[in-house]
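S.K.: My file is start01.cif. It has mmCIF, C-alpha atoms:
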```
data_upload
loop_
_atom_site.label_atom_id
_atom_site.label_comp_id
_atom_site.auth_asym_id
_atom_site.auth_seq_id
_atom_site.Cartn_x
_atom_site.Cartn_y
_atom_site.Cartn_z
CA MET A 156 -22.88 208.26 213.20
CA PRO A 157 -20.86 209.02 216.39
CA LEU A 158 -17.68 206.94 216.75
CA ASP A 159 -18.83 205.57 220.09
CA ASP A 160 -21.88 204.00 218.40
CA ILE A 161 -19.77 201.88 216.03
CA LEU A 162 -18.24 198.65 217.31
CA PRO A 163 -14.48 199.11 216.87
CA LEU A 164 -12.63 196.70 214.62
CA ASP A 165 -9.63 194.78 215.93
CA ALA A 166 -6.81 196.01 213.70
CA HIS A 167 -4.27 193.84 215.52
CA ALA A 168 -6.29 190.73 214.70
CA LEU A 169 -6.83 191.78 211.07
CA ARG A 170 -3.08 192.23 210.56
CA ALA A 171 -2.65 188.47 210.73
CA ASP A 172 -4.54 188.28 207.42
CA PHE A 173 -1.86 190.33 205.64
CA PRO A 174 1.41 188.43 205.09
CA ILE A 175 3.35 191.50 203.95
CA LEU A 176 2.72 193.28 207.25
CA GLN A 177 4.96 190.70 208.91
CA THR A 178 7.85 192.06 206.82
CA ARG A 179 10.87 193.43 208.61
CA VAL A 180 12.55 196.30 206.80
CA ARG A 181 16.17 195.48 206.00
CA ASP A 182 15.59 192.24 207.93
CA GLU A 183 15.42 193.89 211.34
CA THR A 184 12.85 196.68 211.65
CA PRO A 185 9.08 196.02 211.72
CA LEU A 186 7.25 197.68 208.84
CA VAL A 187 4.87 200.59 209.48
CA TYR A 188 2.95 200.97 206.23
CA PHE A 189 1.39 204.44 206.00
CA ASP A 190 1.14 204.66 202.20
CA ASN A 191 -2.37 203.32 201.70
CA ALA A 192 -3.64 206.25 199.62
CA ALA A 193 -1.12 205.18 196.97
CA THR A 194 -1.94 201.47 197.21
CA THR A 195 -3.13 199.07 199.87
CA GLN A 196 -1.86 195.65 200.84
CA ARG A 197 -3.68 192.37 200.16
CA PRO A 198 -5.15 189.92 202.65
CA ARG A 199 -4.56 186.20 202.31
CA ALA A 200 -8.10 185.77 200.91
CA VAL A 201 -7.24 187.95 197.90
CA ILE A 202 -3.86 186.27 197.38
CA ASP A 203 -5.54 182.87 197.55
CA ALA A 204 -8.16 183.97 195.01
CA ILE A 205 -5.39 184.96 192.59
CA THR A 206 -3.60 181.66 193.10
CA ALA A 207 -6.77 179.59 192.72
CA ALA A 208 -7.73 181.43 189.54
CA TYR A 209 -4.39 180.76 187.89
CA GLU A 210 -4.02 177.22 189.20
CA ARG A 211 -7.56 175.85 188.70
CA GLN A 212 -9.97 178.33 187.09
CA TYR A 213 -8.24 180.31 184.36
CA SER A 214 -9.33 180.56 180.76
CA ASN A 215 -10.38 183.41 178.52
CA VAL A 216 -13.91 184.53 179.24
CA HIS A 217 -17.05 184.75 177.12
CA ARG A 218 -17.62 182.97 173.81
CA GLY A 219 -15.73 179.85 174.87
CA ILE A 220 -17.96 176.76 174.98
CA HIS A 221 -15.60 174.50 176.90
CA TRP A 222 -15.95 173.82 180.61
CA LEU A 223 -12.95 175.85 181.78
CA SER A 224 -14.00 178.94 179.85
CA GLU A 225 -17.50 178.69 181.28
CA LEU A 226 -16.06 178.38 184.79
CA SER A 227 -13.82 181.40 184.36
CA THR A 228 -16.63 183.40 182.75
CA GLY A 229 -18.93 182.62 185.66
CA LEU A 230 -16.38 183.81 188.22
CA PHE A 231 -15.65 186.95 186.19
CA GLU A 232 -19.33 187.86 185.96
CA ASP A 233 -19.83 187.00 189.64
CA ALA A 234 -17.16 189.63 190.33
CA ARG A 235 -19.16 192.17 188.35
CA THR A 236 -22.23 191.36 190.42
CA ALA A 237 -20.22 191.68 193.65
CA VAL A 238 -19.08 195.17 192.65
CA GLN A 239 -22.62 196.10 191.61
CA ARG A 240 -23.87 195.14 195.07
CA PHE A 241 -20.94 196.87 196.79
CA ILE A 242 -21.75 200.28 195.30
CA ARG A 243 -25.50 199.60 195.06
CA ALA A 244 -25.80 200.01 191.31
CA GLU A 245 -29.12 199.04 189.78
CA ARG A 246 -27.82 196.61 187.16
CA SER A 247 -24.59 194.67 186.64
CA CYS A 248 -24.30 195.96 183.05
CA GLU A 249 -23.58 199.40 184.57
CA ILE A 250 -20.27 198.02 185.91
CA ILE A 251 -17.44 198.34 183.38
CA PHE A 252 -14.13 196.72 184.26
CA THR A 253 -11.15 198.90 183.33
CA PRO A 254 -7.44 198.93 184.25
CA GLY A 255 -8.12 201.50 187.01
CA THR A 256 -9.54 204.89 187.93
CA THR A 257 -7.35 206.69 185.40
CA ALA A 258 -8.61 204.52 182.55
CA SER A 259 -12.20 204.93 183.72
CA ILE A 260 -12.01 208.72 183.63
CA ASN A 261 -10.27 208.67 180.26
CA LEU A 262 -13.02 206.41 178.91
CA VAL A 263 -15.69 208.98 179.81
CA ALA A 264 -13.66 211.93 178.54
CA ARG A 265 -12.92 210.20 175.24
CA SER A 266 -16.31 208.60 174.64
CA TRP A 267 -18.91 210.91 176.16
CA GLY A 268 -16.75 214.02 175.93
CA ASP A 269 -15.75 213.71 172.28
CA ALA A 270 -19.31 212.89 171.26
CA ASN A 271 -21.03 215.66 173.20
CA LEU A 272 -18.80 218.67 173.90
CA ARG A 273 -18.09 221.63 171.66
CA ALA A 274 -16.15 224.90 171.94
CA SER A 275 -19.07 226.71 173.58
CA ASP A 276 -19.32 224.15 176.42
CA GLU A 277 -17.71 224.10 179.85
CA VAL A 278 -16.43 221.37 182.16
CA LEU A 279 -16.22 222.12 185.87
CA LEU A 280 -13.42 220.56 187.92
CA THR A 281 -11.87 221.53 191.26
CA GLU A 282 -8.47 222.79 192.34
CA MET A 283 -7.86 219.64 194.41
CA GLU A 284 -8.08 217.07 191.61
CA HIS A 285 -5.57 214.29 191.04
CA HIS A 286 -3.82 214.53 187.67
CA SER A 287 -5.98 211.61 186.51
CA ASN A 288 -8.99 213.90 186.82
CA LEU A 289 -7.23 216.87 185.24
CA VAL A 290 -5.18 215.71 182.26
CA PRO A 291 -7.99 213.82 180.43
CA TRP A 292 -10.09 217.00 180.53
CA HIS A 293 -7.18 219.17 179.38
CA GLN A 294 -6.79 216.77 176.46
CA LEU A 295 -10.53 216.99 175.78
CA ALA A 296 -10.31 220.78 175.78
CA GLN A 297 -7.47 220.60 173.26
CA ARG A 298 -9.55 218.35 171.00
CA THR A 299 -12.90 220.12 171.26
CA GLY A 300 -12.16 223.69 172.35
CA CYS A 301 -14.36 223.35 175.43
CA ARG A 302 -13.43 225.46 178.45
CA LEU A 303 -12.32 224.10 181.83
CA ARG A 304 -13.33 225.94 184.99
CA PHE A 305 -12.30 225.18 188.56
CA LEU A 306 -14.09 225.24 191.89
CA PRO A 307 -11.60 226.86 194.31
CA VAL A 308 -10.20 225.41 197.52
CA THR A 309 -10.46 227.48 200.71
CA PRO A 310 -7.45 228.11 202.98
CA ASN A 311 -8.66 225.37 205.35
CA GLY A 312 -8.78 222.79 202.57
CA LEU A 313 -12.48 222.70 201.73
CA LEU A 314 -14.24 223.32 198.44
CA ASP A 315 -15.69 226.81 198.19
CA LEU A 316 -19.30 225.94 197.43
CA THR A 317 -20.25 229.63 197.35
CA ALA A 318 -18.56 229.76 193.94
CA LEU A 319 -21.01 227.25 192.47
CA ASP A 320 -23.54 230.00 191.72
CA GLU A 321 -21.03 231.65 189.41
CA LEU A 322 -19.41 228.54 187.96
CA LEU A 323 -22.47 226.42 187.23
CA THR A 324 -24.19 228.00 184.22
CA GLU A 325 -26.14 226.96 181.15
CA ARG A 326 -22.75 226.39 179.49
CA THR A 327 -21.74 223.74 182.05
CA ARG A 328 -22.19 220.34 180.44
CA PHE A 329 -20.08 218.18 182.72
CA VAL A 330 -18.70 218.20 186.28
CA SER A 331 -15.91 215.87 187.42
CA VAL A 332 -15.03 215.96 191.11
CA VAL A 333 -13.02 213.95 193.60
CA ALA A 334 -14.96 212.48 196.53
CA VAL A 335 -11.97 212.52 198.92
CA SER A 336 -8.81 214.48 198.21
CA ASN A 337 -5.72 212.27 198.03
CA VAL A 338 -3.66 215.14 199.47
CA LEU A 339 -5.89 216.97 201.94
CA GLY A 340 -8.09 214.04 202.95
CA THR A 341 -11.07 216.38 202.57
CA ILE A 342 -14.41 214.58 202.29
CA ASN A 343 -16.30 216.60 199.72
CA PRO A 344 -20.10 217.15 199.76
CA ILE A 345 -20.57 215.09 196.61
CA LYS A 346 -24.32 214.68 196.92
CA THR A 347 -24.78 218.46 197.15
CA ILE A 348 -22.51 219.11 194.16
CA ILE A 349 -24.31 216.49 192.07
CA ALA A 350 -27.71 217.99 192.88
CA ARG A 351 -26.53 221.51 191.99
CA ALA A 352 -24.97 220.29 188.74
CA HIS A 353 -28.12 218.46 187.72
CA GLN A 354 -30.11 221.67 188.22
CA VAL A 355 -28.27 223.21 185.25
CA GLY A 356 -28.44 220.00 183.21
CA ALA A 357 -24.81 218.92 183.71
CA LEU A 358 -23.69 215.33 184.16
CA VAL A 359 -21.33 214.39 187.01
CA LEU A 360 -18.42 211.96 187.30
CA VAL A 361 -17.14 211.14 190.79
CA ASP A 362 -13.49 210.16 191.27
CA ALA A 363 -14.10 207.74 194.13
CA ALA A 364 -10.64 206.16 194.31
CA GLN A 365 -10.16 207.40 197.89
CA SER A 366 -13.77 206.98 199.07
CA VAL A 367 -15.14 203.61 197.90
CA PRO A 368 -12.49 201.64 199.86
CA HIS A 369 -13.23 203.47 203.11
CA ASP A 370 -16.90 204.32 203.36
CA ALA A 371 -20.17 202.89 202.06
CA THR A 372 -21.06 204.10 198.55
CA ASP A 373 -24.57 204.14 197.10
CA VAL A 374 -24.49 205.45 193.54
CA ARG A 375 -28.28 205.66 193.35
CA ASP A 376 -28.53 207.67 196.55
CA LEU A 377 -25.76 209.98 195.33
CA ASP A 378 -27.55 210.25 191.98
CA ALA A 379 -24.15 209.97 190.30
CA ASP A 380 -23.99 209.70 186.52
CA PHE A 381 -20.52 208.13 186.51
CA LEU A 382 -18.23 206.92 189.30
CA ALA A 383 -14.69 205.56 189.05
CA PHE A 384 -12.43 203.63 191.44
CA SER A 385 -9.55 201.12 191.55
CA GLY A 386 -9.10 197.63 192.95
CA HIS A 387 -5.59 198.15 194.28
CA LYS A 388 -6.72 200.88 196.69
CA MET A 389 -9.27 198.55 198.33
CA LEU A 390 -7.20 195.42 199.13
CA GLY A 391 -7.51 194.09 195.58
CA PRO A 392 -4.88 193.60 192.89
CA SER A 393 -3.52 196.22 190.54
CA GLY A 394 -4.63 196.22 186.93
CA VAL A 395 -8.37 196.37 187.57
CA GLY A 396 -10.73 199.23 188.19
CA VAL A 397 -14.36 200.10 187.69
CA LEU A 398 -16.37 202.64 185.80
CA TYR A 399 -19.96 202.83 186.93
CA GLY A 400 -22.28 204.61 184.55
CA ARG A 401 -26.02 204.96 184.22
CA GLU A 402 -27.19 202.38 181.71
CA LYS A 403 -28.94 204.98 179.56
CA LEU A 404 -25.78 207.08 179.31
CA LEU A 405 -23.47 204.15 178.58
CA ASP A 406 -25.87 202.86 175.92
CA ALA A 407 -25.71 206.20 174.10
CA MET A 408 -21.91 206.50 174.24
CA PRO A 409 -19.73 205.23 171.37
CA PRO A 410 -17.13 202.56 172.16
CA PHE A 411 -13.78 203.95 173.29
CA LEU A 412 -11.50 201.07 172.24
CA GLY A 413 -12.00 198.75 169.30
CA GLY A 414 -11.14 195.08 168.95
CA GLY A 415 -12.29 191.73 170.15
CA SER A 416 -15.13 191.25 172.65
CA MET A 417 -16.62 194.73 172.18
CA ILE A 418 -18.31 193.85 168.89
CA ASP A 419 -21.53 192.17 167.86
CA ARG A 420 -20.68 191.84 164.17
CA VAL A 421 -17.75 192.86 161.97
CA THR A 422 -17.60 193.02 158.18
CA LEU A 423 -15.14 194.56 155.79
CA ASP A 424 -17.49 197.50 155.59
CA GLY A 425 -17.82 198.20 159.32
CA PHE A 426 -18.98 196.83 162.66
CA THR A 427 -21.74 196.95 165.22
CA SER A 428 -20.83 197.13 168.88
CA ALA A 429 -21.82 194.64 171.54
CA ASP A 430 -24.30 195.35 174.30
CA LEU A 431 -23.22 196.59 177.72
CA PRO A 432 -20.92 195.95 179.45
CA GLU A 433 -18.81 194.25 176.74
CA LYS A 434 -19.16 197.34 174.55
CA PHE A 435 -16.50 199.05 176.69
CA GLU A 436 -14.34 196.00 177.48
CA ALA A 437 -12.32 195.52 174.30
CA GLY A 438 -9.83 192.68 174.18
CA THR A 439 -9.14 190.23 176.96
CA PRO A 440 -10.38 191.83 180.19
CA PRO A 441 -8.58 191.76 183.56
CA ILE A 442 -9.94 188.29 184.37
CA VAL A 443 -7.93 187.28 187.42
CA PRO A 444 -7.68 190.81 188.87
CA ALA A 445 -11.49 191.13 188.67
CA ILE A 446 -12.01 187.76 190.36
CA ALA A 447 -9.57 188.78 193.10
CA MET A 448 -11.26 192.18 193.41
CA ALA A 449 -14.45 190.31 194.30
CA ALA A 450 -12.53 188.61 197.12
CA ALA A 451 -11.50 192.07 198.35
CA VAL A 452 -15.13 193.20 198.24
CA HIS A 453 -16.19 190.19 200.31
CA TYR A 454 -13.43 190.89 202.84
CA LEU A 455 -14.47 194.53 203.25
CA GLU A 456 -18.11 193.57 203.56
CA ALA A 457 -17.22 191.12 206.32
CA VAL A 458 -15.24 193.75 208.25
CA GLY A 459 -17.85 196.46 207.62
CA LEU A 460 -17.09 199.82 206.07
CA ALA A 461 -18.66 201.73 208.96
CA ALA A 462 -16.09 200.13 211.25
CA VAL A 463 -13.30 200.88 208.76
CA SER A 464 -14.28 204.53 208.53
CA ALA A 465 -14.56 204.93 212.32
CA HIS A 466 -11.19 203.24 212.83
CA GLU A 467 -9.51 205.56 210.35
CA ARG A 468 -11.07 208.56 212.07
CA ARG A 469 -9.45 207.52 215.36
CA LEU A 470 -6.08 207.11 213.62
CA THR A 471 -6.41 210.50 211.93
CA GLU A 472 -7.32 212.24 215.18
CA LYS A 473 -4.28 210.75 216.89
CA MET A 474 -1.98 211.68 214.02
CA HIS A 475 -3.20 215.28 214.14
CA ALA A 476 -2.60 215.34 217.89
CA VAL A 477 0.90 213.89 217.53
CA LEU A 478 1.96 216.25 214.74
CA SER A 479 0.63 219.26 216.66
CA ARG A 480 3.34 218.66 219.27
CA PHE A 481 6.11 219.29 216.72
CA ASP A 482 7.11 222.91 216.18
CA GLY A 483 7.16 223.94 212.54
CA VAL A 484 4.76 221.24 211.33
CA ARG A 485 1.89 222.40 209.15
CA ILE A 486 -0.91 219.92 208.45
CA LEU A 487 -2.54 220.41 205.07
CA GLY A 488 -6.31 220.25 204.91
CA PRO A 489 -9.16 220.40 207.39
CA ASP A 490 -9.66 219.04 210.90
CA PRO A 491 -10.05 215.26 211.36
CA GLY A 492 -13.84 215.44 211.49
CA LEU A 493 -13.92 216.67 207.88
CA LYS A 494 -11.41 214.30 206.34
CA GLY A 495 -10.63 210.66 205.68
CA GLY A 496 -7.58 208.74 206.78
CA ILE A 497 -5.07 210.96 204.97
CA VAL A 498 -2.73 213.38 206.74
CA SER A 499 -0.34 215.42 204.60
CA PHE A 500 2.09 217.83 206.21
CA VAL A 501 5.18 219.96 205.74
CA ILE A 502 7.88 220.79 208.28
CA ASP A 503 9.35 224.28 208.20
CA GLY A 504 13.11 224.27 207.88
CA PHE A 505 13.45 220.64 206.77
CA ASN A 506 13.70 219.02 203.36
CA ALA A 507 10.73 216.67 202.92
CA GLN A 508 12.79 214.12 201.02
CA ASP A 509 15.37 213.93 203.79
CA VAL A 510 12.64 213.39 206.37
CA ALA A 511 10.96 210.66 204.30
CA MET A 512 14.27 208.86 203.83
CA MET A 513 15.03 208.99 207.56
CA LEU A 514 11.58 207.63 208.35
CA ASP A 515 12.16 204.82 205.88
CA GLU A 516 15.45 203.98 207.59
CA GLN A 517 13.36 203.34 210.71
CA GLY A 518 10.79 201.19 208.93
CA VAL A 519 8.09 203.85 208.44
CA ALA A 520 6.71 204.08 204.90
CA VAL A 521 5.12 207.43 204.00
CA ARG A 522 4.62 209.13 200.66
CA LEU A 523 6.70 212.09 199.52
CA GLY A 524 6.06 214.57 196.72
CA HIS A 525 3.14 216.32 195.07
CA HIS A 526 1.02 213.13 195.06
CA CYS A 527 -0.06 213.69 191.44
CA ALA A 528 -1.68 216.97 192.47
CA MET A 529 0.75 219.65 191.35
CA PRO A 530 -1.85 222.43 190.92
CA LEU A 531 -3.10 221.88 194.47
CA HIS A 532 0.41 222.03 195.90
CA ALA A 533 1.01 225.24 193.94
CA LYS A 534 -2.17 226.67 195.42
CA LEU A 535 -0.93 225.71 198.91
CA GLY A 536 2.47 227.28 198.24
CA VAL A 537 4.49 224.10 198.74
CA SER A 538 6.46 222.06 196.24
CA ALA A 539 6.15 218.77 198.10
CA SER A 540 4.55 217.32 201.19
CA LEU A 541 4.80 214.23 203.34
CA ARG A 542 1.68 212.06 203.48
CA ALA A 543 0.64 209.39 205.97
CA SER A 544 -2.46 207.47 204.95
CA PHE A 545 -4.24 204.73 206.87
CA TYR A 546 -6.32 201.63 206.38
CA LEU A 547 -8.07 199.01 208.44
CA TYR A 548 -4.87 197.18 209.45
CA ASN A 549 -3.05 200.22 210.85
CA THR A 550 -2.94 200.67 214.62
CA LEU A 551 -2.67 203.47 217.13
CA ASP A 552 0.61 201.91 218.28
CA GLU A 553 2.04 202.47 214.81
CA ILE A 554 1.38 206.19 215.13
CA ASP A 555 3.48 206.13 218.31
CA ARG A 556 6.23 204.44 216.29
CA PHE A 557 5.87 207.09 213.60
CA ALA A 558 6.20 209.86 216.22
CA GLU A 559 9.36 208.31 217.63
CA ALA A 560 10.81 207.95 214.13
CA LEU A 561 9.98 211.55 213.24
CA GLN A 562 11.47 212.78 216.50
CA SER A 563 14.67 210.88 215.75
CA ALA A 564 14.78 212.11 212.15
CA LEU A 565 14.43 215.77 213.08
CA ARG A 566 17.12 215.51 215.72
CA MET A 567 19.56 213.95 213.27
CA LEU A 568 18.83 216.05 210.18
CA LYS A 569 20.39 219.40 209.44
CA PRO A 570 17.66 222.02 208.94
CA LYS A 571 17.71 224.39 206.00
CA GLY A 572 19.74 227.44 206.94
CA GLY A 573 21.05 225.61 210.00
CA LYS A 574 18.20 226.81 212.24
CA ARG A 575 16.20 224.23 214.17
CA PRO A 576 12.59 224.54 215.26
CA ALA A 577 12.11 225.79 218.79
CA SER A 578 11.57 222.27 220.06
CA VAL A 579 11.25 218.63 219.09
CA PRO A 580 8.85 216.98 221.54
CA ALA A 581 9.55 214.04 223.75
CA VAL A 582 7.38 211.11 222.67
CA GLY A 583 5.59 208.97 225.18
#
```
As structure tokens, what does this structure read like?
M.R.:
Amino acid sequence: MPLDDILPLDAHALRADFPILQTRVRDETPLVYFDNAATTQRPRAVIDAITAAYERQYSNVHRGIHWLSELSTGLFEDARTAVQRFIRAERSCEIIFTPGTTASINLVARSWGDANLRASDEVLLTEMEHHSNLVPWHQLAQRTGCRLRFLPVTPNGLLDLTALDELLTERTRFVSVVAVSNVLGTINPIKTIIARAHQVGALVLVDAAQSVPHDATDVRDLDADFLAFSGHKMLGPSGVGVLYGREKLLDAMPPFLGGGSMIDRVTLDGFTSADLPEKFEAGTPPIVPAIAMAAAVHYLEAVGLAAVSAHERRLTEKMHAVLSRFDGVRILGPDPGLKGGIVSFVIDGFNAQDVAMMLDEQGVAVRLGHHCAMPLHAKLGVSASLRASFYLYNTLDEIDRFAEALQSALRMLKPKGGKRPASVPAVG
């Protein structure tokens, strides 16, 4: 949908809902928070939900027959239903609460992977995956002998879909792919990849940590087999995430963790597991984080994800325009029309850590490093990058502040080798 057809959200008004955005860095400088791909901030509605749960609603869930346990259980299961609706899953039992995206992917690799993969099988990943969607599959390969293959990234930061004909074969049993790169911002053609994978009989897991918070997700329309995301990247608390899985697949998978809650019956001779979703929620689940995640879902639904996505596109376009005025800056990834609200870049002649520290001195929070994507950075030929990432409460004015801070940093810092770029632009 064209940006002009979407009613713009009022980011300045929304900022009033976020107490932390009123923070002044070192008690004097207003905070510019551009680290949303790492974690987002929480609105008052989510903070209040956490407080209310601990003050008036908290007890352990399920199996308790007293009033408080029933209250807490109802709120916890209401949260499951809210997430089901948010991603348009068919049934609430397909929503498994986990500690986060990492745990969700590990659950699938350990449960489905160990039960189904052998040395003759292949798992297809991509070169732009987060470590959370690389390491569990490396571990699986070590356990089972299966082979990992990788869909390459093109020089302009897109997946090379022409390689699918070679990489997707009768040996491919599983595909795990990121929906939006946490480094490049690239929005991948997930629906196309899923369809191609299903043609050879492979199942597909989508790492949706950077997509679910920013754009509408319909797991049935995608035809996804599994999909994983985290609460803390979508205005919710840390410590809670979601694994969506098709009911038929989850039913057939063995439990990953053993203990309380995930059982139907236990004897000294063995056990039988509980039905979904409890089968994969061993021990005390993330009760309050899940309840607060539901508050985050309600907040995002009220704002509207179409408006969020359009707002981030405007921010990304302006950031690209601003960075293009600086000599020696290289933006990683595709043009704004092909990416989400993530802009990673390197500056020739300057140490990225020094730049990040100077930005922080001026109240601008960006991310520095390889962003848990070391293989991708190696492919790009850089050891570290700077990353600015946006959300619904960021404003165009903040990008002006960022530009001024970057201008000041580059003028004050000593370049590598003592040679400065040809020019540092005037901002205004």
S.K.: Applied to this file, what does the PyMOL selection byres ((chain A and resi 236-250) around 8) return in terms of residues, put as number ranges by chain?
M.R.: A: 232-235, 251-252, 367, 371-375, 397-402, 405, 431-432, 449, 452-453
S.K.: Take the point (-8.5, 220.9, 179.0) in the file's coordinates, draw a sphere of radius 12 Å around it, and report as a PyMOL selection string every protein, DNA or RNA residue with an atom inside or on it, counting all atoms listed in the file.
M.R.: chain A and resi 264+268+272+274+276-280+286+288-305
S.K.: I need the chosen residues saved as a CSV table (one decimal), keeping the file's coordinate frame, with C-alpha atoms.
M.R.:
```csv
chain,number,residue,atom,x,y,z
A,264,ALA,CA,-13.7,211.9,178.5
A,268,GLY,CA,-16.8,214.0,175.9
A,272,LEU,CA,-18.8,218.7,173.9
A,274,ALA,CA,-16.2,224.9,171.9
A,276,ASP,CA,-19.3,224.2,176.4
A,277,GLU,CA,-17.7,224.1,179.8
A,278,VAL,CA,-16.4,221.4,182.2
A,279,LEU,CA,-16.2,222.1,185.9
A,280,LEU,CA,-13.4,220.6,187.9
A,286,HIS,CA,-3.8,214.5,187.7
A,288,ASN,CA,-9.0,213.9,186.8
A,289,LEU,CA,-7.2,216.9,185.2
A,290,VAL,CA,-5.2,215.7,182.3
A,291,PRO,CA,-8.0,213.8,180.4
A,292,TRP,CA,-10.1,217.0,180.5
A,293,HIS,CA,-7.2,219.2,179.4
A,294,GLN,CA,-6.8,216.8,176.5
A,295,LEU,CA,-10.5,217.0,175.8
A,296,ALA,CA,-10.3,220.8,175.8
A,297,GLN,CA,-7.5,220.6,173.3
A,298,ARG,CA,-9.6,218.4,171.0
A,299,THR,CA,-12.9,220.1,171.3
A,300,GLY,CA,-12.2,223.7,172.4
A,301,CYS,CA,-14.4,223.4,175.4
A,302,ARG,CA,-13.4,225.5,178.4
A,303,LEU,CA,-12.3,224.1,181.8
A,304,ARG,CA,-13.3,225.9,185.0
A,305,PHE,CA,-12.3,225.2,188.6
```
S.K.: Assuming the chain letters and numbering stay as they are in my file, what does the PyMOL selection byres ((chain A and resi 459-472) around 6) actually select? List them as a list in words.
M.R.: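 Selection result, ordered by chain and number: Leu158, Pro163, Leu164, His369, Asp370, Ala371, Leu455, Glu456, Ala457, Val458, Lys473, Met474, His475, Pro491, Gly496 and Leu547 of chain A.
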S.K.: Output C-alpha atoms of each residue in that selection to a file, as a compact mmCIF listing (two decimals), in the coordinates of the input.
M.R.:
```txt
# COMPACT_ATOMS: atom_id res chain seq x y z
CA LEU A 158 -17.68 206.94 216.75
CA PRO A 163 -14.48 199.11 216.87
CA LEU A 164 -12.63 196.70 214.62
CA HIS A 369 -13.23 203.47 203.11
CA ASP A 370 -16.90 204.32 203.36
CA ALA A 371 -20.17 202.89 202.06
CA LEU A 455 -14.47 194.53 203.25
CA GLU A 456 -18.11 193.57 203.56
CA ALA A 457 -17.22 191.12 206.32
CA VAL A 458 -15.24 193.75 208.25
CA LYS A 473 -4.28 210.75 216.89
CA MET A 474 -1.98 211.68 214.02
CA HIS A 475 -3.20 215.28 214.14
CA PRO A 491 -10.05 215.26 211.36
CA GLY A 496 -7.58 208.74 206.78
CA LEU A 547 -8.07 199.01 208.44
```
S.K.: Just the residues within 7 Å of stretch 207-218 of chain A, please, counting all atoms listed in the file, with nothing from its chain fewer than 6 positions along; format it as a ChimeraX atom specification.
M.R.: /A:224,226-228,443
S.K.: At what distance in Å, to one decimal, does atom CA of A:Ala334 lie from atom CA of A:Pro440?
M.R.: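 Going from atom CA of A:Pro440 over to atom CA of A:Ala334, I get 26.7 Å.
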S.K.: Since I can't run it myself right now, could you work out what the PyMOL selection byres ((chain A and resi 484) around 8) selects here and report it as a count of residues only?
M.R.: 11
S.K.: Measure the distance from atom CA of A:Asp376 to atom CA of A:Pro489 in Å and round it to one decimal.
M.R.: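 Value for the atom CA of A:Asp376-atom CA of A:Pro489 distance: 25.6 Å.
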S.K.: How many Å lie between atom CA of A:Leu535 and atom CA of A:Pro310, rounded to one decimal?
M.R.: 8.1 Å
